[in-house]
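So this one's entry-v6.pdb, PDB, C-alpha atoms, pLDDT in the B column:
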```pdb
ATOM      1  CA  MET A 298     -70.069 -48.028  34.148  1.00 47.00           C
ATOM      2  CA  THR A 299     -70.528 -45.844  31.124  1.00 50.00           C
ATOM      3  CA  SER A 300     -67.611 -45.840  28.730  1.00 48.00           C
ATOM      4  CA  THR A 301     -66.369 -42.626  27.182  1.00 50.00           C
ATOM      5  CA  PRO A 302     -66.656 -42.611  23.391  1.00 52.00           C
ATOM      6  CA  ALA A 303     -63.321 -42.731  21.662  1.00 51.00           C
ATOM      7  CA  ALA A 304     -62.221 -39.608  19.882  1.00 51.00           C
ATOM      8  CA  PRO A 305     -62.551 -39.882  16.125  1.00 50.00           C
ATOM      9  CA  SER A 306     -59.315 -40.740  14.417  1.00 48.00           C
ATOM     10  CA  ALA A 307     -57.783 -38.211  12.107  1.00 49.00           C
ATOM     11  CA  GLY A 308     -58.108 -39.767   8.672  1.00 50.00           C
ATOM     12  CA  PRO A 309     -58.022 -38.470   5.114  1.00 53.00           C
ATOM     13  CA  ALA A 310     -61.664 -37.380   5.304  1.00 55.00           C
ATOM     14  CA  SER A 311     -61.005 -35.185   8.347  1.00 63.00           C
ATOM     15  CA  THR A 312     -57.824 -33.621   6.980  1.00 73.00           C
ATOM     16  CA  PRO A 313     -58.478 -29.978   6.124  1.00 80.00           C
ATOM     17  CA  HIS A 314     -57.671 -28.953   2.583  1.00 82.00           C
ATOM     18  CA  PRO A 315     -57.405 -25.625   0.775  1.00 90.00           C
ATOM     19  CA  PRO A 316     -60.312 -24.316  -1.311  1.00 92.00           C
ATOM     20  CA  THR A 317     -58.198 -24.730  -4.439  1.00 93.00           C
ATOM     21  CA  ILE A 318     -58.808 -28.475  -4.194  1.00 93.00           C
ATOM     22  CA  ASP A 319     -62.556 -27.883  -4.310  1.00 94.00           C
ATOM     23  CA  LEU A 320     -62.026 -25.646  -7.318  1.00 95.00           C
ATOM     24  CA  VAL A 321     -60.120 -28.189  -9.402  1.00 96.00           C
ATOM     25  CA  GLU A 322     -62.508 -30.966  -8.414  1.00 96.00           C
ATOM     26  CA  GLN A 323     -65.406 -28.823  -9.601  1.00 97.00           C
ATOM     27  CA  ILE A 324     -63.637 -28.274 -12.918  1.00 98.00           C
ATOM     28  CA  GLU A 325     -62.950 -31.994 -13.237  1.00 97.00           C
ATOM     29  CA  GLY A 326     -66.642 -32.750 -12.764  1.00 97.00           C
ATOM     30  CA  LEU A 327     -67.980 -29.931 -14.959  1.00 97.00           C
ATOM     31  CA  SER A 328     -69.779 -31.642 -17.822  1.00 97.00           C
ATOM     32  CA  ALA A 329     -70.433 -28.247 -19.421  1.00 98.00           C
ATOM     33  CA  LEU A 330     -66.817 -28.409 -20.614  1.00 98.00           C
ATOM     34  CA  ASP A 331     -67.430 -31.579 -22.633  1.00 98.00           C
ATOM     35  CA  PRO A 332     -68.594 -29.761 -25.818  1.00 98.00           C
ATOM     36  CA  ALA A 333     -65.304 -27.864 -25.837  1.00 98.00           C
ATOM     37  CA  VAL A 334     -63.421 -31.118 -25.335  1.00 98.00           C
ATOM     38  CA  ARG A 335     -65.273 -32.721 -28.248  1.00 97.00           C
ATOM     39  CA  ALA A 336     -64.626 -29.677 -30.439  1.00 98.00           C
ATOM     40  CA  VAL A 337     -60.895 -29.719 -29.799  1.00 97.00           C
ATOM     41  CA  ARG A 338     -60.399 -33.472 -29.908  1.00 97.00           C
ATOM     42  CA  PRO A 339     -60.379 -33.912 -33.742  1.00 97.00           C
ATOM     43  CA  LEU A 340     -57.729 -31.216 -34.137  1.00 97.00           C
ATOM     44  CA  VAL A 341     -55.557 -32.749 -31.444  1.00 97.00           C
ATOM     45  CA  ASP A 342     -55.994 -36.202 -32.978  1.00 97.00           C
ATOM     46  CA  LEU A 343     -54.643 -34.807 -36.242  1.00 97.00           C
ATOM     47  CA  LEU A 344     -51.716 -33.306 -34.376  1.00 97.00           C
ATOM     48  CA  VAL A 345     -50.649 -36.667 -32.910  1.00 96.00           C
ATOM     49  CA  ASP A 346     -51.839 -38.836 -35.792  1.00 97.00           C
ATOM     50  CA  ASP A 347     -48.270 -39.382 -36.974  1.00 97.00           C
ATOM     51  CA  PRO A 348     -46.421 -41.535 -34.384  1.00 95.00           C
ATOM     52  CA  GLN A 349     -43.065 -39.864 -34.993  1.00 96.00           C
ATOM     53  CA  ARG A 350     -44.550 -36.400 -34.583  1.00 96.00           C
ATOM     54  CA  ALA A 351     -46.349 -37.504 -31.429  1.00 95.00           C
ATOM     55  CA  GLN A 352     -43.127 -38.883 -29.960  1.00 94.00           C
ATOM     56  CA  LEU A 353     -41.314 -35.674 -30.841  1.00 95.00           C
ATOM     57  CA  LEU A 354     -43.940 -33.474 -29.193  1.00 96.00           C
ATOM     58  CA  ARG A 355     -44.242 -35.671 -26.118  1.00 95.00           C
ATOM     59  CA  GLY A 356     -40.491 -35.873 -25.540  1.00 94.00           C
ATOM     60  CA  THR A 357     -40.043 -39.609 -26.034  1.00 91.00           C
ATOM     61  CA  TRP A 358     -36.570 -38.855 -27.398  1.00 92.00           C
ATOM     62  CA  LEU A 359     -35.809 -36.933 -24.201  1.00 92.00           C
ATOM     63  CA  GLY A 360     -37.056 -39.565 -21.769  1.00 92.00           C
ATOM     64  CA  HIS A 361     -39.986 -37.617 -20.339  1.00 90.00           C
ATOM     65  CA  ALA A 362     -42.528 -34.956 -21.262  1.00 93.00           C
ATOM     66  CA  LEU A 363     -41.205 -31.961 -23.176  1.00 95.00           C
ATOM     67  CA  HIS A 364     -44.071 -29.610 -22.318  1.00 96.00           C
ATOM     68  CA  PRO A 365     -43.146 -28.800 -18.681  1.00 94.00           C
ATOM     69  CA  ILE A 366     -39.622 -27.842 -19.747  1.00 94.00           C
ATOM     70  CA  LEU A 367     -40.783 -25.552 -22.543  1.00 97.00           C
ATOM     71  CA  THR A 368     -43.232 -23.696 -20.322  1.00 97.00           C
ATOM     72  CA  ASP A 369     -40.245 -22.080 -18.638  1.00 96.00           C
ATOM     73  CA  VAL A 370     -39.400 -20.246 -21.860  1.00 98.00           C
ATOM     74  CA  PRO A 371     -42.384 -17.847 -22.193  1.00 98.00           C
ATOM     75  CA  ILE A 372     -42.791 -17.671 -18.424  1.00 98.00           C
ATOM     76  CA  GLY A 373     -39.158 -16.639 -18.105  1.00 98.00           C
ATOM     77  CA  PHE A 374     -39.466 -13.967 -20.776  1.00 98.00           C
ATOM     78  CA  TRP A 375     -42.678 -12.537 -19.315  1.00 98.00           C
ATOM     79  CA  ALA A 376     -41.480 -12.671 -15.710  1.00 98.00           C
ATOM     80  CA  SER A 377     -38.306 -10.847 -16.713  1.00 98.00           C
ATOM     81  CA  ALA A 378     -40.343  -8.182 -18.503  1.00 98.00           C
ATOM     82  CA  LEU A 379     -42.547  -7.683 -15.465  1.00 98.00           C
ATOM     83  CA  THR A 380     -39.470  -7.348 -13.285  1.00 98.00           C
ATOM     84  CA  LEU A 381     -38.111  -4.648 -15.571  1.00 98.00           C
ATOM     85  CA  ASP A 382     -41.492  -2.911 -15.447  1.00 97.00           C
ATOM     86  CA  LEU A 383     -41.310  -2.802 -11.673  1.00 96.00           C
ATOM     87  CA  VAL A 384     -37.673  -1.922 -11.051  1.00 96.00           C
ATOM     88  CA  GLY A 385     -36.064  -1.143 -14.396  1.00 95.00           C
ATOM     89  CA  GLY A 386     -37.108   2.453 -14.941  1.00 93.00           C
ATOM     90  CA  PRO A 387     -37.634   4.209 -18.296  1.00 95.00           C
ATOM     91  CA  THR A 388     -34.369   2.962 -19.798  1.00 97.00           C
ATOM     92  CA  ALA A 389     -35.537  -0.654 -19.403  1.00 97.00           C
ATOM     93  CA  ARG A 390     -38.741  -0.175 -21.418  1.00 97.00           C
ATOM     94  CA  PRO A 391     -37.328  -1.315 -24.776  1.00 97.00           C
ATOM     95  CA  ALA A 392     -35.906  -4.468 -23.221  1.00 98.00           C
ATOM     96  CA  ALA A 393     -39.196  -5.237 -21.469  1.00 98.00           C
ATOM     97  CA  LYS A 394     -41.046  -4.869 -24.755  1.00 98.00           C
ATOM     98  CA  ARG A 395     -38.645  -7.241 -26.507  1.00 98.00           C
ATOM     99  CA  LEU A 396     -38.950  -9.813 -23.739  1.00 98.00           C
ATOM    100  CA  ILE A 397     -42.727  -9.731 -23.961  1.00 98.00           C
ATOM    101  CA  GLY A 398     -42.540 -10.187 -27.716  1.00 98.00           C
ATOM    102  CA  LEU A 399     -40.194 -13.159 -27.367  1.00 98.00           C
ATOM    103  CA  GLY A 400     -42.592 -14.755 -24.896  1.00 98.00           C
ATOM    104  CA  VAL A 401     -45.484 -14.362 -27.319  1.00 98.00           C
ATOM    105  CA  LEU A 402     -43.441 -15.864 -30.169  1.00 98.00           C
ATOM    106  CA  SER A 403     -42.441 -18.893 -28.087  1.00 98.00           C
ATOM    107  CA  PHE A 404     -45.946 -19.580 -26.821  1.00 98.00           C
ATOM    108  CA  PRO A 405     -47.313 -21.585 -29.811  1.00 97.00           C
ATOM    109  CA  VAL A 406     -44.599 -24.235 -29.551  1.00 96.00           C
ATOM    110  CA  VAL A 407     -45.335 -24.688 -25.867  1.00 97.00           C
ATOM    111  CA  ALA A 408     -49.060 -24.933 -26.545  1.00 98.00           C
ATOM    112  CA  VAL A 409     -48.590 -27.605 -29.213  1.00 98.00           C
ATOM    113  CA  THR A 410     -46.587 -29.836 -26.876  1.00 97.00           C
ATOM    114  CA  GLY A 411     -49.266 -29.369 -24.223  1.00 97.00           C
ATOM    115  CA  TRP A 412     -52.024 -30.519 -26.572  1.00 97.00           C
ATOM    116  CA  ALA A 413     -49.947 -33.580 -27.435  1.00 97.00           C
ATOM    117  CA  GLU A 414     -49.946 -34.487 -23.740  1.00 96.00           C
ATOM    118  CA  TRP A 415     -53.664 -33.735 -23.460  1.00 97.00           C
ATOM    119  CA  ALA A 416     -54.468 -36.294 -26.174  1.00 96.00           C
ATOM    120  CA  THR A 417     -53.547 -39.214 -23.908  1.00 93.00           C
ATOM    121  CA  THR A 418     -55.578 -38.166 -20.845  1.00 95.00           C
ATOM    122  CA  GLY A 419     -58.964 -39.144 -19.449  1.00 95.00           C
ATOM    123  CA  GLN A 420     -62.177 -37.145 -19.255  1.00 96.00           C
ATOM    124  CA  ARG A 421     -61.553 -35.271 -16.014  1.00 96.00           C
ATOM    125  CA  GLU A 422     -58.005 -34.352 -17.053  1.00 97.00           C
ATOM    126  CA  GLN A 423     -59.204 -33.181 -20.459  1.00 97.00           C
ATOM    127  CA  ARG A 424     -61.718 -30.859 -18.831  1.00 98.00           C
ATOM    128  CA  VAL A 425     -59.013 -29.310 -16.674  1.00 98.00           C
ATOM    129  CA  GLY A 426     -56.692 -29.237 -19.665  1.00 98.00           C
ATOM    130  CA  VAL A 427     -59.151 -27.178 -21.691  1.00 98.00           C
ATOM    131  CA  VAL A 428     -59.447 -24.590 -18.922  1.00 98.00           C
ATOM    132  CA  HIS A 429     -55.673 -24.635 -18.511  1.00 98.00           C
ATOM    133  CA  ALA A 430     -55.229 -23.978 -22.234  1.00 98.00           C
ATOM    134  CA  VAL A 431     -57.820 -21.193 -22.290  1.00 98.00           C
ATOM    135  CA  ALA A 432     -56.201 -19.437 -19.317  1.00 98.00           C
ATOM    136  CA  ASN A 433     -52.791 -19.597 -20.965  1.00 98.00           C
ATOM    137  CA  ALA A 434     -54.194 -18.419 -24.294  1.00 98.00           C
ATOM    138  CA  VAL A 435     -55.829 -15.450 -22.559  1.00 98.00           C
ATOM    139  CA  ALA A 436     -52.460 -14.661 -21.001  1.00 98.00           C
ATOM    140  CA  ALA A 437     -50.685 -14.866 -24.366  1.00 98.00           C
ATOM    141  CA  VAL A 438     -53.253 -12.600 -26.033  1.00 98.00           C
ATOM    142  CA  GLY A 439     -52.947 -10.157 -23.148  1.00 98.00           C
ATOM    143  CA  PHE A 440     -49.178 -10.058 -23.415  1.00 98.00           C
ATOM    144  CA  ALA A 441     -49.472  -9.532 -27.183  1.00 98.00           C
ATOM    145  CA  ALA A 442     -51.780  -6.585 -26.486  1.00 98.00           C
ATOM    146  CA  SER A 443     -49.244  -5.310 -23.951  1.00 98.00           C
ATOM    147  CA  TRP A 444     -46.491  -5.486 -26.583  1.00 98.00           C
ATOM    148  CA  ARG A 445     -48.664  -3.582 -29.038  1.00 98.00           C
ATOM    149  CA  ALA A 446     -49.555  -0.896 -26.486  1.00 98.00           C
ATOM    150  CA  ARG A 447     -45.893  -0.396 -25.652  1.00 98.00           C
ATOM    151  CA  GLY A 448     -45.112  -0.045 -29.341  1.00 97.00           C
ATOM    152  CA  ARG A 449     -47.651   2.765 -29.547  1.00 97.00           C
ATOM    153  CA  GLY A 450     -46.046   4.522 -26.608  1.00 96.00           C
ATOM    154  CA  ASP A 451     -48.813   3.698 -24.101  1.00 97.00           C
ATOM    155  CA  VAL A 452     -46.500   2.292 -21.455  1.00 96.00           C
ATOM    156  CA  VAL A 453     -49.008   2.496 -18.603  1.00 97.00           C
ATOM    157  CA  ARG A 454     -51.555   0.447 -20.529  1.00 98.00           C
ATOM    158  CA  GLY A 455     -48.839  -1.975 -21.564  1.00 98.00           C
ATOM    159  CA  LYS A 456     -47.781  -2.561 -17.975  1.00 97.00           C
ATOM    160  CA  ALA A 457     -51.377  -2.963 -16.800  1.00 98.00           C
ATOM    161  CA  LEU A 458     -52.082  -5.532 -19.517  1.00 98.00           C
ATOM    162  CA  ALA A 459     -48.929  -7.426 -18.596  1.00 98.00           C
ATOM    163  CA  LEU A 460     -49.906  -7.595 -14.931  1.00 97.00           C
ATOM    164  CA  ALA A 461     -53.409  -8.803 -15.761  1.00 98.00           C
ATOM    165  CA  SER A 462     -51.987 -11.374 -18.142  1.00 98.00           C
ATOM    166  CA  ALA A 463     -49.655 -12.608 -15.435  1.00 98.00           C
ATOM    167  CA  GLY A 464     -52.712 -13.365 -13.306  1.00 98.00           C
ATOM    168  CA  ALA A 465     -54.235 -15.504 -16.060  1.00 98.00           C
ATOM    169  CA  LEU A 466     -50.873 -17.190 -16.578  1.00 98.00           C
ATOM    170  CA  GLY A 467     -50.643 -17.986 -12.885  1.00 97.00           C
ATOM    171  CA  PHE A 468     -54.078 -19.608 -12.887  1.00 98.00           C
ATOM    172  CA  GLY A 469     -53.168 -21.638 -15.950  1.00 97.00           C
ATOM    173  CA  GLY A 470     -49.920 -22.678 -14.298  1.00 96.00           C
ATOM    174  CA  PHE A 471     -51.778 -23.776 -11.176  1.00 97.00           C
ATOM    175  CA  LEU A 472     -54.002 -26.047 -13.257  1.00 97.00           C
ATOM    176  CA  GLY A 473     -50.996 -27.367 -15.132  1.00 96.00           C
ATOM    177  CA  GLY A 474     -49.292 -28.154 -11.853  1.00 95.00           C
ATOM    178  CA  HIS A 475     -52.420 -29.978 -10.722  1.00 96.00           C
ATOM    179  CA  LEU A 476     -52.406 -32.130 -13.847  1.00 96.00           C
ATOM    180  CA  VAL A 477     -48.743 -33.053 -13.489  1.00 94.00           C
ATOM    181  CA  SER A 478     -48.471 -33.380  -9.717  1.00 92.00           C
ATOM    182  CA  ALA A 479     -51.906 -34.610  -8.618  1.00 93.00           C
ATOM    183  CA  ARG A 480     -53.120 -36.440 -11.732  1.00 93.00           C
ATOM    184  CA  LYS A 481     -49.718 -37.560 -13.029  1.00 91.00           C
ATOM    185  CA  VAL A 482     -50.373 -36.366 -16.584  1.00 90.00           C
ATOM    186  CA  SER A 483     -46.907 -36.567 -18.079  1.00 86.00           C
ATOM    187  CA  SER A 484     -45.348 -38.699 -20.776  1.00 86.00           C
ATOM    188  CA  ARG A 485     -42.289 -40.722 -19.899  1.00 81.00           C
ATOM    189  CA  HIS A 486     -40.101 -43.310 -21.552  1.00 77.00           C
ATOM    190  CA  PRO A 487     -41.146 -46.941 -20.872  1.00 79.00           C
ATOM    191  CA  ALA A 488     -37.821 -47.466 -19.124  1.00 80.00           C
ATOM    192  CA  PHE A 489     -39.195 -45.445 -16.208  1.00 80.00           C
ATOM    193  CA  ASP A 490     -42.117 -47.827 -15.789  1.00 74.00           C
ATOM    194  CA  ASP A 491     -39.833 -50.262 -13.941  1.00 64.00           C
ATOM    195  CA  THR A 492     -41.315 -50.534 -10.436  1.00 56.00           C
ATOM    196  CA  ARG A 493     -38.639 -52.727  -8.871  1.00 55.00           C
ATOM    197  CA  ALA A 494     -37.333 -51.812  -5.429  1.00 51.00           C
ATOM    198  CA  PRO A 495     -34.014 -49.951  -5.292  1.00 56.00           C
ATOM    199  CA  ASP A 496     -30.987 -52.207  -5.592  1.00 56.00           C
ATOM    200  CA  ARG A 497     -29.564 -53.453  -2.324  1.00 49.00           C
ATOM    201  CA  PRO A 498     -25.883 -54.063  -1.583  1.00 50.00           C
ATOM    202  CA  SER A 499     -24.883 -57.457  -2.897  1.00 47.00           C
ATOM    203  CA  ASP A 500     -23.595 -58.567   0.551  1.00 47.00           C
ATOM    204  CA  GLN A 501     -26.927 -57.785   2.299  1.00 48.00           C
ATOM    205  CA  PRO A 502     -29.814 -60.149   1.435  1.00 49.00           C
ATOM    206  CA  SER A 503     -33.155 -58.374   1.303  1.00 46.00           C
ATOM    207  CA  ASP A 504     -34.959 -60.799   3.648  1.00 48.00           C
ATOM    208  CA  GLN A 505     -32.697 -60.797   6.697  1.00 46.00           C
ATOM    209  CA  PRO A 506     -30.827 -58.280   8.860  1.00 48.00           C
ATOM    210  CA  ALA A 507     -27.318 -57.329   7.875  1.00 45.00           C
ATOM    211  CA  ASP A 508     -25.852 -58.616  11.166  1.00 47.00           C
ATOM    212  CA  GLN A 509     -27.537 -62.050  10.973  1.00 48.00           C
ATOM    213  CA  PRO A 510     -25.476 -64.687   9.164  1.00 48.00           C
ATOM    214  CA  ALA A 511     -27.142 -66.778   6.518  1.00 46.00           C
ATOM    215  CA  ASP A 512     -28.039 -70.390   7.389  1.00 46.00           C
TER     216      ASP A 512
END
```

Take the structure I supplied and represent it as structure tokens, if you would.
Amino acid sequence: MTSTPAAPSAGPASTPHPPTIDLVEQIEGLSALDPAVRAVRPLVDLLVDDPQRAQLLRGTWLGHALHPILTDVPIGFWASALTLDLVGGPTARPAAKRLIGLGVLSFPVVAVTGWAEWATTGQREQRVGVVHAVANAVAAVGFAASWRARGRGDVVRGKALALASAGALGFGGFLGGHLVSARKVSSRHPAFDDTRAPDRPSDQPSDQPADQPAD
């Protein structure tokens, strides 16, 4: 009697995944980024050379990484400006311009805290980090150009530059999310390194059911 072959089990290798995973894995393995990593590394080492400055930039005083929190500042300014561009009308143009300018001004502080995080990562994360930084820098330059165009009265060009910059910012944010969520690149206070199991009620021993009396 001939047996029927068993159907292959659905394991991690057979689980479909989005093409974005292939993209970030390609970036992680792209050795062509290593010269850029080596070029930036001495500057970043100087940035975190002082332990107190490194702890400040990494958020040790806060308990966890400062960079993810600060990213909300320029993103919030720029997203608000784009919203005004879309639904605000002509009277909202001055406010949109100010919001874009505030986002540009806040960007350097966010970038510095990001580089402080980058300094502690491995090779694949540093490659992604460089691309992440370049994408965000392109976005910041684009928003600065948008602010300048608006100041000259070229509102259409200013809005177009802002939309294009938002695309670069989104790509940079995707890579940043990958680093934090998938690769766990994020400083934290040593107190969070405690891997003990959650506390159990004192009247329920961990090695026997609650309804079974102890011997």

Counting all atoms listed in the file, the residue of A:Ser483, A:Ser403, A:Ser328, A:Ser478 that sits nearest Gly373 in chain A: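 Answer, going by the shortest atom-to-atom distance: A:Ser403.
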
Length of the CA of His361 in chain A to CA of Arg480 in chain A vector [Å]: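 These two atoms are separated by 15.7 Å.
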
Separation of CA of Val482 in chain A from CA of Ala434 in chain A in Å: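 Separation of CA of Ala434 in chain A and CA of Val482 in chain A: 19.9 Å.
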
Polymer residues at most 12 Å from Ala329 in chain A, only C-alpha atoms, same-chain spacing of 4 or more positions, as JSON, numbers by chain: {"A": [323, 324, 325, 333, 334, 335, 421, 424, 425, 427, 428]}

Residues in the PyMOL selection byres ((chain A and resi 360) around 12), expressed as a ChimeraX atom specification: /A:352-359,361-363,483-490

Keeping only C-alpha atoms, write the selected residues as a PDB file, keeping the file's coordinate frame.
```pdb
ATOM      1  CA  GLN A 352     -43.127 -38.883 -29.960  1.00 94.00           C
ATOM      2  CA  LEU A 353     -41.314 -35.674 -30.841  1.00 95.00           C
ATOM      3  CA  LEU A 354     -43.940 -33.474 -29.193  1.00 96.00           C
ATOM      4  CA  ARG A 355     -44.242 -35.671 -26.118  1.00 95.00           C
ATOM      5  CA  GLY A 356     -40.491 -35.873 -25.540  1.00 94.00           C
ATOM      6  CA  THR A 357     -40.043 -39.609 -26.034  1.00 91.00           C
ATOM      7  CA  TRP A 358     -36.570 -38.855 -27.398  1.00 92.00           C
ATOM      8  CA  LEU A 359     -35.809 -36.933 -24.201  1.00 92.00           C
ATOM      9  CA  HIS A 361     -39.986 -37.617 -20.339  1.00 90.00           C
ATOM     10  CA  ALA A 362     -42.528 -34.956 -21.262  1.00 93.00           C
ATOM     11  CA  LEU A 363     -41.205 -31.961 -23.176  1.00 95.00           C
ATOM     12  CA  SER A 483     -46.907 -36.567 -18.079  1.00 86.00           C
ATOM     13  CA  SER A 484     -45.348 -38.699 -20.776  1.00 86.00           C
ATOM     14  CA  ARG A 485     -42.289 -40.722 -19.899  1.00 81.00           C
ATOM     15  CA  HIS A 486     -40.101 -43.310 -21.552  1.00 77.00           C
ATOM     16  CA  PRO A 487     -41.146 -46.941 -20.872  1.00 79.00           C
ATOM     17  CA  ALA A 488     -37.821 -47.466 -19.124  1.00 80.00           C
ATOM     18  CA  PHE A 489     -39.195 -45.445 -16.208  1.00 80.00           C
ATOM     19  CA  ASP A 490     -42.117 -47.827 -15.789  1.00 74.00           C
TER      20      ASP A 490
END
```
